[in-house]
Amino acid sequence: MKNKKKSSIIVLLTALAVFALAPLGMGNYMLRVLNVALITYLCVLSVYVLLGMCGQNSFAQAGLWGVGAYMAANLVLRAGFPPVIALLAATAGTALFAFVLGFAFFRLRQYYFTFASVGLMTILNGLFMNWEPVTGGALGMQNIPKFSVFGIMLESEKANFYFILIICVLTFVVMRILFYSSIGRSFMAIRDNEIAANCMGVNSLLTKSIAFGISGALCGIAGALYAFLSGYLSYQTFTYQQSTMYLIMIMLGGTISPVGAIIGTMIISLLQEFVRPLANYMQLIYGAGIMILMVVQPEGILGGGKALYETLHKRKRTGPDAA
Amino acid sequence: MGQIMQLFVSGLSTGVVYGLIAMGMVLIFRAVGVMNFAQGEFLMFGGYLCYTFNQLLGWNIMISLILASVGMGVVGVLFMRAAYWPLRKAQARAIIVSAMGASMVFKEGSRLIWGSIPVKVDRVLEAPVKLAGGGIIQGQYLAIMIVAAILMLFVYLLLEKTFVGHVMQATAQDQYMASMVGVPVIFSIAMTFALSAMITGIGGGLLAPLFFLNNTMGSTAGAKAFAAIVIGGFGSVQGAVLGGLIVGLVEVFGGAYISTTYQLVLIYIVLIIVLMVRPQGIFSSKIQEKA
Amino acid sequence: MEGEYASNAAKIITEEINSSGGILGRPIEIVIEDGLGTDVGAVNAYRKLADDSSIVAIVGSDNSNDNIAIANEAKQAQILSTAQGSSPTLRDICNENPWLFQLRACEETMIDALIGYAVEELGYTKFALIHDTETNSSDQARLFTMALEKRGIKPLETVSFTTGTKDFTSHITKMQQVQPEAIIGACLFNEAAIIAEQIRAFGMTDMPIFGSNAWADPVTIGLGGEALNGVCSAAAWVPNTTNEKGAAFSQKYQELHGHECAKAAAQIYDHVSIICKAITIAGNTDRAAIRDAMNQITDYHGAITIYDCSTNGDCGRGGLVVRIENEVAVVLQEIYSEKDK
């Protein structure tokens with residue numbers, strides 16, 4: 001147990017070091033890619049909480065991301081709230097929204113919840129596109145100011161990078177705490193065997209709704225951050241395709257830990273940019289790659305790493321005994 | 001009154017189309033217990049195959065449809081071999097993600113092969129037909145309904161009355177036991193996928209003259225078929241067809257009387273309501289599903 | 001899909017300019033980056049190009065949302081950028097943004113000319129309007145309504161739909177109920193073809209249709225065939241345009257690529273040509289100098305229309321009113337208006 005905590009701290013510190021040094025020598029373009037990747041990471045983390053910890057598959061995460069974004073944008077542009085309040089309110093608002101919906105949706109068994117989430121995603125995207133008074137309709141919302149706190153405005157891409165990085169680190173830590181907490185264990189109990197969990201006194205409906213609420217909070221933060229970063233919101237960003245992308249990212253990285261979320265998000269986000277010359281064939285390679293990945297290692301990179309580690313470990317142990 | 005008749009007729013026509021796709025999806029669901037997220041792409045790909053035979057090679061539409069469906073049968077088997085079979089013991093979500101990957105391959109592959117400019121295909125029946133109540137139905141829709149009816153009958157007879165069908169059902173109910181009693185499981189599942197792909201592919205070829213083909217049309221089609229299955233009930237072919245008809249009618253009447261803008265949203269609201277009230281759909285499932 | 005036309009056109013113009021000595025004595029090169037259809041992707045693609053110091057100007061994509069997303073980027077990166085969109089919102093954005101140019105006639109002028117033709121020359125007063133809810137089409141619908149109101153008319157019924165809708169029975173039924181003399185349609189290629197077909201299938205074979213520019217595009221006609229006959233539209237471009245340069249380009253494109261030249265290609269052709277003209281006027285490849293030179297171009301004759309770039313928005317000054325006859329778009333009138341200075 002101690003070893004696990006130690007190793008995750010090491011991972012965290014290494015990742016931090018890499019990230020903190022990254023912006024040196026990076027142009028605006030790469031920094032924006034990184035910033036969006038970090039925001040995407042928050043959404044993928046929401047999938048981790050819901051799927052990796054609680055075993056529920058949702059396709060509505062990009063919709064929740066949009067809810068957070070439009071909420072924050074409206075609070076700042078139309079109601080004149082300062083960005084910090086807007087960020088917090090968007091987080092809480094999306095969390096509440098997801099939590100309440102959870103009560104409606106989680107009465108359904110796992111499979112059906114997934115379908116309902118597809119329905120939710122479509123409805124949300126439809127609203128983003130058509131509900132002009134709130135979302136600006138098809139044209140979207142423009143001129144959202146950059147994030148500012150205590151009068152300091154985060155104008156440059158670099159400043160935004162550090163800000164978003166800090167938030168990502170905080171959420172990572174919170175997720176780790178969640179993992180070791182009793183509610184985290186309830187999530188995992190439901191994931192592993194819902195009926196047994198019920199027998200042990202875990203309230204399915206409430207627990208799953210909390211998980212949905214937490215995932216909503218993460219998407220809400222991501223949404224608000226995105227609204228401030230890009231300054232422009234349109235329905236074309238918050239689509240069902242985007243939700244499926246999150247699922248693919250976490251499957252690639254491995255659903256067993258938030259580190260999987262980081263790995264999957266970074267690889268795919270950066271891959272999109274680095275293989276631009278192949279852009280025409282990108283989606284094709286992607287699709288084939290995903291199929292191969294699922295066959296070779298459905299547990300993702302982390303799962304593969306774990307398996308590798310265990311085989312090596314086994315070999316070490318049986319070594320001296322092999323005489 | 002004439003208007004309601006027209007709306008009804010159109011709703012049924014599009015509903016039959018969704019039902020066809022849904023039928024294909026249900027066949028796979030019954031066989032392997034997982035939703036096929038690439039079903040819409042079967043529709044698109046089948047349509048494009050038909051286009052190749054009919055427009056690029058200039059052959060007669062009926063021949064093209066038959067050839068396209070044979071082609072789709074092959075595609076179905078390949079799809080099963082690549083996307084499902086290696087994962088048959090894995091968790092459901094791995095299969096889902098693999099199917100998503102496959103749908104990307106289909107989409108991009110189609111774009112690279114046939115280009116991104118929308119294309120069309122010849123009709124089977126040209127002239128519009130006037131109905132007694134005052135509605136007009138396009139000849140092609142009539143063709144679709146006839147073909148759909150034939151296919152449904154065929155599938156029903158196949159599954160319920162023939163040995164092959166019984167083998168397929170047995171595999172669907174319990175793969176392990178089926179293999180114990182000597183059923184060639186992989187063969188049976190391959191047949192199911194092939195059948196599903198063929199049915200959906202024919203649907204694509206029949207739809208193409210009406211709605212035209214482009215490589216992204218699979219997603220909306222798949223989404224509506226998916227709604228159809230949930231509403232009609234997972235386990236059964238009749239459920240899928242009925243679900244499709246309901247979706248078609250909701251779409252058309254909802255559009256006319258509530259809002260044309262939110263047509264798709266309406267369908268999904270109905271879907272969610274059905275999930276709340278009667279999650280197993282109208283015809284309940286006979287088959288146990290993968291947890 | 002527009003990407004295919006765009007890259008074909010890019011090849012043609014590059015070859016044309018380079019074979020006649022290039023610009024400032026050097027060959028031009030066009031680098032293409034894919035925006036991947038989302039505004040996140042568009043911004044990334046834009047930034048990648050802007051960061052490359054050898055790139056002197058950027059031509060934006062055909063997607064309105066993309067253009068709005070990159071507007072701020074253009075200001076930050078300080079590189080001459082052109083937008084292909086025709087919306088009035090874009091015009092306003094361009095007028096406030098020194099670096100972004102709208103090289104197209106604003107839809108307002110075009111739609112006004114079309115409605116003018118419908119109301120003043122053909123005498124229709126009762127219209128029903130059907131439009132897609134995506135950005136471009138919603139904008140166009142708004143402009144159609146404005147143009148009608150200018151002439152004291154209101155559309156009797158307005159119905160909208162989401163892109164990808166295949167069955168328009170509810171929409172057509174609703175429109176039929178108000179018994180219009182003509183139908184106005186604002187949407188994209190696929191839907192335009194389907195709507196035209198379904199309107200005819202419902203028995204309204206003679207119903208006049210006035211469509212947004214996508215209706216007159218060869219892609220739409222290719223899909224809808226004879227259902228499109230009789231449709232009038234105000235288009236920036238049709239393959240048999242009466243514009244001299246345009247006609248030459250159209251023919252060349254058809255010969256090289258085997259299919260008709262669509263608007264997407266002609267736009268790239270013009271955008272690149274104008275930018276090259278600006279570079280020639282500037283005399284060097286400094287980004288700011290080129291931008292300043294752009295503002296000096298007031299009478300450039302392109303393949304689509306004449307361009308006046310003295311203000312950034314609404315630089316294209318005209319287009320064509322066309323009617324489709326025998327599945328070919330035939331020019332009825334050329335639109336041209338001076339810029340209000």
# chains A, B, ... in the order shown; residues from 1 in each chain; ligands from 1
call {"tool": "closest_atom_pairs", "arguments": {"of": "chain A", "to": "chain C", "cutoff": "10 Å", "atoms": "only C-alpha atoms", "output": "JSON lines"}}
result
{"residue": "A:Gly27", "atom": "CA", "partner": "C:Asp51", "partner_atom": "CA", "distance": 6.9}
{"residue": "A:Asn28", "atom": "CA", "partner": "C:Arg47", "partner_atom": "CA", "distance": 7.0}
{"residue": "A:Tyr29", "atom": "CA", "partner": "C:Arg47", "partner_atom": "CA", "distance": 4.8}
{"residue": "A:Met30", "atom": "CA", "partner": "C:Lys48", "partner_atom": "CA", "distance": 7.9}
{"residue": "A:Leu31", "atom": "CA", "partner": "C:Asn44", "partner_atom": "CA", "distance": 9.9}
{"residue": "A:Arg32", "atom": "CA", "partner": "C:Asn44", "partner_atom": "CA", "distance": 7.2}
{"residue": "A:Val33", "atom": "CA", "partner": "C:Asn44", "partner_atom": "CA", "distance": 6.7}
{"residue": "A:Val36", "atom": "CA", "partner": "C:Val40", "partner_atom": "CA", "distance": 8.2}
{"residue": "A:Gly126", "atom": "CA", "partner": "C:Thr162", "partner_atom": "CA", "distance": 8.5}
{"residue": "A:Met129", "atom": "CA", "partner": "C:Glu134", "partner_atom": "CA", "distance": 7.4}
{"residue": "A:Asn130", "atom": "CA", "partner": "C:Thr133", "partner_atom": "CA", "distance": 7.0}
{"residue": "A:Gly137", "atom": "CA", "partner": "C:Thr135", "partner_atom": "CA", "distance": 8.0}
{"residue": "A:Ala138", "atom": "CA", "partner": "C:Thr135", "partner_atom": "CA", "distance": 4.6}
{"residue": "A:Leu139", "atom": "CA", "partner": "C:Thr135", "partner_atom": "CA", "distance": 5.3}
{"residue": "A:Gly140", "atom": "CA", "partner": "C:Asn65", "partner_atom": "CA", "distance": 8.0}
{"residue": "A:Met141", "atom": "CA", "partner": "C:Ile68", "partner_atom": "CA", "distance": 9.9}
{"residue": "A:Gln142", "atom": "CA", "partner": "C:Ile68", "partner_atom": "CA", "distance": 8.0}
{"residue": "A:Asn143", "atom": "CA", "partner": "C:Asn72", "partner_atom": "CA", "distance": 8.9}
{"residue": "A:Ser230", "atom": "CA", "partner": "C:Ala69", "partner_atom": "CA", "distance": 8.0}
{"residue": "A:Gly231", "atom": "CA", "partner": "C:Ala69", "partner_atom": "CA", "distance": 8.2}
{"residue": "A:Tyr232", "atom": "CA", "partner": "C:Ala69", "partner_atom": "CA", "distance": 6.2}
{"residue": "A:Leu233", "atom": "CA", "partner": "C:Ala69", "partner_atom": "CA", "distance": 8.4}
{"residue": "A:Ser234", "atom": "CA", "partner": "C:Asn65", "partner_atom": "CA", "distance": 7.2}
{"residue": "A:Tyr235", "atom": "CA", "partner": "C:Asn65", "partner_atom": "CA", "distance": 9.3}
{"residue": "A:Gln236", "atom": "CA", "partner": "C:Thr38", "partner_atom": "CA", "distance": 6.0}
{"residue": "A:Thr237", "atom": "CA", "partner": "C:Thr38", "partner_atom": "CA", "distance": 6.0}
{"residue": "A:Phe238", "atom": "CA", "partner": "C:Thr38", "partner_atom": "CA", "distance": 9.4}
{"residue": "A:Thr239", "atom": "CA", "partner": "C:Thr38", "partner_atom": "CA", "distance": 9.8}
{"residue": "A:Gln272", "atom": "CA", "partner": "C:Gly41", "partner_atom": "CA", "distance": 9.4}
{"residue": "A:Glu273", "atom": "CA", "partner": "C:Asn44", "partner_atom": "CA", "distance": 8.2}
{"residue": "A:Arg276", "atom": "CA", "partner": "C:Glu33", "partner_atom": "CA", "distance": 7.3}
{"residue": "A:Pro277", "atom": "CA", "partner": "C:Glu33", "partner_atom": "CA", "distance": 8.4}
{"residue": "A:Ala279", "atom": "CA", "partner": "C:Asp34", "partner_atom": "CA", "distance": 6.9}
{"residue": "A:Asn280", "atom": "CA", "partner": "C:Asp34", "partner_atom": "CA", "distance": 8.3}
{"residue": "A:Gln283", "atom": "CA", "partner": "C:Leu36", "partner_atom": "CA", "distance": 9.9}
call {"tool": "closest_atom_pairs", "arguments": {"of": "chain C", "to": "chain B", "cutoff": "8 Å", "atoms": "only C-alpha atoms", "output": "tab-separated table"}}
result
residue	atom	partner	partner_atom	distance
C:Met1	CA	B:Ser116	CA	4.9
C:Glu4	CA	B:Ser116	CA	7.8
C:Thr133	CA	B:Thr261	CA	7.3
C:Val159	CA	B:Thr260	CA	6.5
C:Ser160	CA	B:Thr261	CA	5.1
C:Phe161	CA	B:Thr261	CA	4.5
C:Thr162	CA	B:Thr261	CA	6.1
C:Gly164	CA	B:Thr220	CA	7.2
C:Lys166	CA	B:Phe211	CA	6.1
C:Asp167	CA	B:Thr14	CA	7.4
C:Thr169	CA	B:Leu7	CA	6.4
C:Ser170	CA	B:Ala256	CA	4.4
C:His171	CA	B:Ala256	CA	6.5
C:Thr173	CA	B:Gln3	CA	6.8
C:Lys174	CA	B:Ala256	CA	6.5
C:Asn190	CA	B:Pro118	CA	7.2
C:Ile194	CA	B:Phe211	CA	6.4
C:Ala201	CA	B:Pro128	CA	6.8
C:Phe202	CA	B:Ile136	CA	6.4
C:Val219	CA	B:Ile117	CA	7.4
C:Gly222	CA	B:Val119	CA	7.8
C:Leu223	CA	B:Lys120	CA	6.1
call {"tool": "closest_atom_pairs", "arguments": {"of": "chain A", "to": "chain B", "cutoff": "7 Å", "atoms": "only C-alpha atoms", "output": "tab-separated table"}}
result
residue	atom	partner	partner_atom	distance
A:Ala116	CA	B:Ile272	CA	5.7
A:Gly119	CA	B:Tyr268	CA	5.0
A:Thr122	CA	B:Val265	CA	6.5
A:Ile123	CA	B:Val265	CA	5.0
A:Gly126	CA	B:Val265	CA	6.4
A:Ile248	CA	B:Val97	CA	6.7
A:Gln283	CA	B:Glu108	CA	6.3
A:Leu284	CA	B:Val105	CA	4.9
A:Gly287	CA	B:Gly101	CA	3.9
A:Ala288	CA	B:Gly101	CA	6.1
A:Ile290	CA	B:Gly101	CA	5.3
A:Met291	CA	B:Ser98	CA	4.6
A:Met294	CA	B:Ala94	CA	5.9
A:Val295	CA	B:Pro86	CA	6.0
A:Pro298	CA	B:Ala94	CA	6.0
call {"tool": "residues_around", "arguments": {"residues": "Asn60 (chain B)", "least_positions_apart": "4", "cutoff": "12 Å", "atoms": "only C-alpha atoms", "output": "list in words"}}
result
Cys50, Tyr51, Thr52, Phe53, Asn54, Gln55, Leu56, Ser64, Leu65, Ile66, Leu67, Ala68, Val121, Asp122, Arg123 and Val124 of chain B
call {"tool": "atom_distance", "arguments": {"atom1": "CA of Arg107 (chain A)", "atom2": "CA of Leu242 (chain B)"}}
result
24.9 Å
call {"tool": "residues_around", "arguments": {"residues": "Ser243 (chain A)", "least_positions_apart": "4", "cutoff": "7 Å", "atoms": "only C-alpha atoms", "output": "mmCIF file with N, CA and C atoms, in the first residue's frame"}}
result
data_model
loop_
_atom_site.group_PDB
_atom_site.id
_atom_site.type_symbol
_atom_site.label_atom_id
_atom_site.label_comp_id
_atom_site.auth_asym_id
_atom_site.auth_seq_id
_atom_site.Cartn_x
_atom_site.Cartn_y
_atom_site.Cartn_z
ATOM 1 N N PHE A 59 -22.174 8.654 -22.617
ATOM 2 C CA PHE A 59 -21.786 9.364 -23.832
ATOM 3 C C PHE A 59 -22.193 10.820 -23.777
ATOM 4 N N ALA A 60 -22.516 11.294 -22.582
ATOM 5 C CA ALA A 60 -23.011 12.662 -22.496
ATOM 6 C C ALA A 60 -21.960 13.640 -22.001
ATOM 7 N N GLN A 61 -20.730 13.171 -21.813
ATOM 8 C CA GLN A 61 -19.738 14.038 -21.168
ATOM 9 C C GLN A 61 -19.461 15.316 -21.941
ATOM 10 N N ALA A 62 -19.407 15.236 -23.264
ATOM 11 C CA ALA A 62 -19.160 16.460 -24.027
ATOM 12 C C ALA A 62 -20.325 17.426 -23.847
ATOM 13 N N THR A 239 -20.030 17.761 -29.233
ATOM 14 C CA THR A 239 -20.784 16.778 -30.011
ATOM 15 C C THR A 239 -20.623 15.375 -29.453
ATOM 16 N N LEU A 247 -14.040 8.459 -24.484
ATOM 17 C CA LEU A 247 -14.046 7.037 -24.175
ATOM 18 C C LEU A 247 -12.815 6.363 -24.752
#
call {"tool": "residues_around", "arguments": {"residues": "Gly66 (chain A)", "least_positions_apart": "3", "cutoff": "8 Å", "atoms": "only C-alpha atoms", "output": "PyMOL selection string"}}
result
chain A and resi 62-63+69-70+128+220+223+238
call {"tool": "select_by_dssp", "arguments": {"residues": "region 59-223 of chain A", "states": "strand (DSSP E)", "output": "list in words"}}
result
Ser148, Val149, Ile152 and Met153 of chain A
call {"tool": "write_last_selection", "arguments": {"atoms": "N, CA and C atoms", "output": "PDB file, in the first residue's frame"}}
result
ATOM      1  N   SER A 148      -9.652  36.069 -15.315  1.00  0.00           N
ATOM      2  CA  SER A 148      -8.879  37.020 -14.512  1.00  0.00           C
ATOM      3  C   SER A 148      -9.240  36.842 -13.051  1.00  0.00           C
ATOM      4  N   VAL A 149      -8.270  36.999 -12.199  1.00  0.00           N
ATOM      5  CA  VAL A 149      -8.520  36.872 -10.767  1.00  0.00           C
ATOM      6  C   VAL A 149      -7.763  37.976 -10.047  1.00  0.00           C
ATOM      7  N   ILE A 152      -5.837  40.469 -12.085  1.00  0.00           N
ATOM      8  CA  ILE A 152      -4.802  40.056 -13.034  1.00  0.00           C
ATOM      9  C   ILE A 152      -5.475  39.225 -14.118  1.00  0.00           C
ATOM     10  N   MET A 153      -5.319  39.648 -15.363  1.00  0.00           N
ATOM     11  CA  MET A 153      -5.939  38.906 -16.442  1.00  0.00           C
ATOM     12  C   MET A 153      -4.926  37.961 -17.074  1.00  0.00           C
TER      13      MET A 153
END
call {"tool": "closest_residue", "arguments": {"among": "C:Leu332, C:Ile13, C:Ala196, C:Ile279", "to": "Lys252 (chain C)", "atoms": "only C-alpha atoms"}}
result
C:Ile13
call {"tool": "atom_distance", "arguments": {"atom1": "CA of Asn67 (chain C)", "atom2": "CA of His271 (chain C)"}}
result
14.6 Å
call {"tool": "residues_around", "arguments": {"residues": "Lys158 (chain A)", "least_positions_apart": "3", "cutoff": "7 Å", "atoms": "only C-alpha atoms", "output": "JSON, numbers by chain"}}
result
{"A": [23, 31, 161, 162]}
call {"tool": "write_last_selection", "arguments": {"atoms": "C-alpha atoms", "output": "CSV table (one decimal), in the first residue's frame"}}
result
chain,number,residue,atom,x,y,z
A,23,PRO,CA,6.3,25.7,-22.3
A,31,LEU,CA,0.8,25.8,-26.1
A,161,PHE,CA,-1.2,27.0,-19.3
A,162,TYR,CA,0.1,27.3,-15.8
call {"tool": "residues_around", "arguments": {"residues": "region 236-238 of chain B", "least_positions_apart": "5", "cutoff": "10 Å", "atoms": "only C-alpha atoms", "output": "ChimeraX atom specification"}}
result
/B:19-20,22-27,29-30,152,155-156,229,243-244,282-287
call {"tool": "decode", "arguments": {"residues": "region 147-178 of chain C", "atoms": "N, CA and C atoms", "output": "PDB file, in the first residue's frame"}}
result
ATOM      1  N   ALA C 147     -34.906  41.196 -46.237  1.00  0.00           N
ATOM      2  CA  ALA C 147     -35.107  41.708 -47.596  1.00  0.00           C
ATOM      3  C   ALA C 147     -36.589  41.802 -47.927  1.00  0.00           C
ATOM      4  N   LEU C 148     -37.353  40.838 -47.426  1.00  0.00           N
ATOM      5  CA  LEU C 148     -38.797  40.871 -47.667  1.00  0.00           C
ATOM      6  C   LEU C 148     -39.429  42.038 -46.919  1.00  0.00           C
ATOM      7  N   GLU C 149     -38.983  42.195 -45.662  1.00  0.00           N
ATOM      8  CA  GLU C 149     -39.571  43.266 -44.855  1.00  0.00           C
ATOM      9  C   GLU C 149     -39.305  44.626 -45.458  1.00  0.00           C
ATOM     10  N   LYS C 150     -38.129  44.757 -46.070  1.00  0.00           N
ATOM     11  CA  LYS C 150     -37.785  46.006 -46.725  1.00  0.00           C
ATOM     12  C   LYS C 150     -38.826  46.357 -47.783  1.00  0.00           C
ATOM     13  N   ARG C 151     -39.447  45.313 -48.342  1.00  0.00           N
ATOM     14  CA  ARG C 151     -40.442  45.549 -49.369  1.00  0.00           C
ATOM     15  C   ARG C 151     -41.852  45.381 -48.820  1.00  0.00           C
ATOM     16  N   GLY C 152     -41.947  45.415 -47.509  1.00  0.00           N
ATOM     17  CA  GLY C 152     -43.257  45.391 -46.875  1.00  0.00           C
ATOM     18  C   GLY C 152     -43.931  44.035 -46.839  1.00  0.00           C
ATOM     19  N   ILE C 153     -43.133  42.957 -46.960  1.00  0.00           N
ATOM     20  CA  ILE C 153     -43.748  41.623 -46.961  1.00  0.00           C
ATOM     21  C   ILE C 153     -43.214  40.811 -45.792  1.00  0.00           C
ATOM     22  N   LYS C 154     -44.066  39.971 -45.222  1.00  0.00           N
ATOM     23  CA  LYS C 154     -43.590  39.020 -44.203  1.00  0.00           C
ATOM     24  C   LYS C 154     -43.803  37.604 -44.716  1.00  0.00           C
ATOM     25  N   PRO C 155     -42.856  36.697 -44.454  1.00  0.00           N
ATOM     26  CA  PRO C 155     -43.105  35.317 -44.881  1.00  0.00           C
ATOM     27  C   PRO C 155     -44.302  34.752 -44.124  1.00  0.00           C
ATOM     28  N   LEU C 156     -45.158  34.012 -44.829  1.00  0.00           N
ATOM     29  CA  LEU C 156     -46.370  33.514 -44.197  1.00  0.00           C
ATOM     30  C   LEU C 156     -46.074  32.416 -43.184  1.00  0.00           C
ATOM     31  N   GLU C 157     -45.008  31.657 -43.434  1.00  0.00           N
ATOM     32  CA  GLU C 157     -44.657  30.556 -42.526  1.00  0.00           C
ATOM     33  C   GLU C 157     -43.163  30.352 -42.620  1.00  0.00           C
ATOM     34  N   THR C 158     -42.534  30.125 -41.476  1.00  0.00           N
ATOM     35  CA  THR C 158     -41.103  29.818 -41.478  1.00  0.00           C
ATOM     36  C   THR C 158     -40.886  28.504 -40.748  1.00  0.00           C
ATOM     37  N   VAL C 159     -40.270  27.541 -41.416  1.00  0.00           N
ATOM     38  CA  VAL C 159     -39.976  26.266 -40.749  1.00  0.00           C
ATOM     39  C   VAL C 159     -38.477  26.019 -40.796  1.00  0.00           C
ATOM     40  N   SER C 160     -37.952  25.384 -39.756  1.00  0.00           N
ATOM     41  CA  SER C 160     -36.520  25.109 -39.753  1.00  0.00           C
ATOM     42  C   SER C 160     -36.258  23.633 -39.455  1.00  0.00           C
ATOM     43  N   PHE C 161     -35.056  23.189 -39.752  1.00  0.00           N
ATOM     44  CA  PHE C 161     -34.699  21.792 -39.531  1.00  0.00           C
ATOM     45  C   PHE C 161     -33.206  21.698 -39.249  1.00  0.00           C
ATOM     46  N   THR C 162     -32.810  20.528 -38.708  1.00  0.00           N
ATOM     47  CA  THR C 162     -31.392  20.321 -38.428  1.00  0.00           C
ATOM     48  C   THR C 162     -30.711  19.696 -39.633  1.00  0.00           C
ATOM     49  N   THR C 163     -29.467  20.020 -39.846  1.00  0.00           N
ATOM     50  CA  THR C 163     -28.716  19.414 -40.944  1.00  0.00           C
ATOM     51  C   THR C 163     -28.779  17.913 -40.818  1.00  0.00           C
ATOM     52  N   GLY C 164     -28.945  17.222 -41.925  1.00  0.00           N
ATOM     53  CA  GLY C 164     -29.006  15.768 -41.870  1.00  0.00           C
ATOM     54  C   GLY C 164     -30.432  15.249 -41.888  1.00  0.00           C
ATOM     55  N   THR C 165     -31.404  16.131 -41.765  1.00  0.00           N
ATOM     56  CA  THR C 165     -32.801  15.708 -41.879  1.00  0.00           C
ATOM     57  C   THR C 165     -33.035  15.175 -43.276  1.00  0.00           C
ATOM     58  N   LYS C 166     -33.755  14.061 -43.372  1.00  0.00           N
ATOM     59  CA  LYS C 166     -33.958  13.462 -44.686  1.00  0.00           C
ATOM     60  C   LYS C 166     -35.391  13.554 -45.161  1.00  0.00           C
ATOM     61  N   ASP C 167     -36.318  13.586 -44.223  1.00  0.00           N
ATOM     62  CA  ASP C 167     -37.706  13.602 -44.647  1.00  0.00           C
ATOM     63  C   ASP C 167     -38.325  14.941 -44.284  1.00  0.00           C
ATOM     64  N   PHE C 168     -38.869  15.616 -45.274  1.00  0.00           N
ATOM     65  CA  PHE C 168     -39.377  16.958 -45.038  1.00  0.00           C
ATOM     66  C   PHE C 168     -40.888  17.044 -45.109  1.00  0.00           C
ATOM     67  N   THR C 169     -41.543  15.926 -44.936  1.00  0.00           N
ATOM     68  CA  THR C 169     -43.000  15.945 -45.031  1.00  0.00           C
ATOM     69  C   THR C 169     -43.615  16.957 -44.078  1.00  0.00           C
ATOM     70  N   SER C 170     -43.206  16.926 -42.796  1.00  0.00           N
ATOM     71  CA  SER C 170     -43.823  17.857 -41.849  1.00  0.00           C
ATOM     72  C   SER C 170     -43.607  19.292 -42.293  1.00  0.00           C
ATOM     73  N   HIS C 171     -42.390  19.568 -42.773  1.00  0.00           N
ATOM     74  CA  HIS C 171     -42.057  20.940 -43.137  1.00  0.00           C
ATOM     75  C   HIS C 171     -42.871  21.381 -44.329  1.00  0.00           C
ATOM     76  N   ILE C 172     -42.938  20.513 -45.348  1.00  0.00           N
ATOM     77  CA  ILE C 172     -43.657  20.879 -46.564  1.00  0.00           C
ATOM     78  C   ILE C 172     -45.150  20.996 -46.270  1.00  0.00           C
ATOM     79  N   THR C 173     -45.633  20.099 -45.424  1.00  0.00           N
ATOM     80  CA  THR C 173     -47.055  20.175 -45.065  1.00  0.00           C
ATOM     81  C   THR C 173     -47.382  21.511 -44.429  1.00  0.00           C
ATOM     82  N   LYS C 174     -46.517  21.910 -43.480  1.00  0.00           N
ATOM     83  CA  LYS C 174     -46.750  23.185 -42.815  1.00  0.00           C
ATOM     84  C   LYS C 174     -46.767  24.338 -43.804  1.00  0.00           C
ATOM     85  N   MET C 175     -45.851  24.273 -44.761  1.00  0.00           N
ATOM     86  CA  MET C 175     -45.784  25.378 -45.724  1.00  0.00           C
ATOM     87  C   MET C 175     -46.992  25.369 -46.646  1.00  0.00           C
ATOM     88  N   GLN C 176     -47.399  24.150 -47.024  1.00  0.00           N
ATOM     89  CA  GLN C 176     -48.554  24.040 -47.913  1.00  0.00           C
ATOM     90  C   GLN C 176     -49.785  24.686 -47.308  1.00  0.00           C
ATOM     91  N   GLN C 177     -49.885  24.576 -45.986  1.00  0.00           N
ATOM     92  CA  GLN C 177     -51.081  25.071 -45.318  1.00  0.00           C
ATOM     93  C   GLN C 177     -51.309  26.549 -45.537  1.00  0.00           C
ATOM     94  N   VAL C 178     -50.228  27.320 -45.718  1.00  0.00           N
ATOM     95  CA  VAL C 178     -50.434  28.762 -45.890  1.00  0.00           C
ATOM     96  C   VAL C 178     -50.533  29.176 -47.345  1.00  0.00           C
TER      97      VAL C 178
END
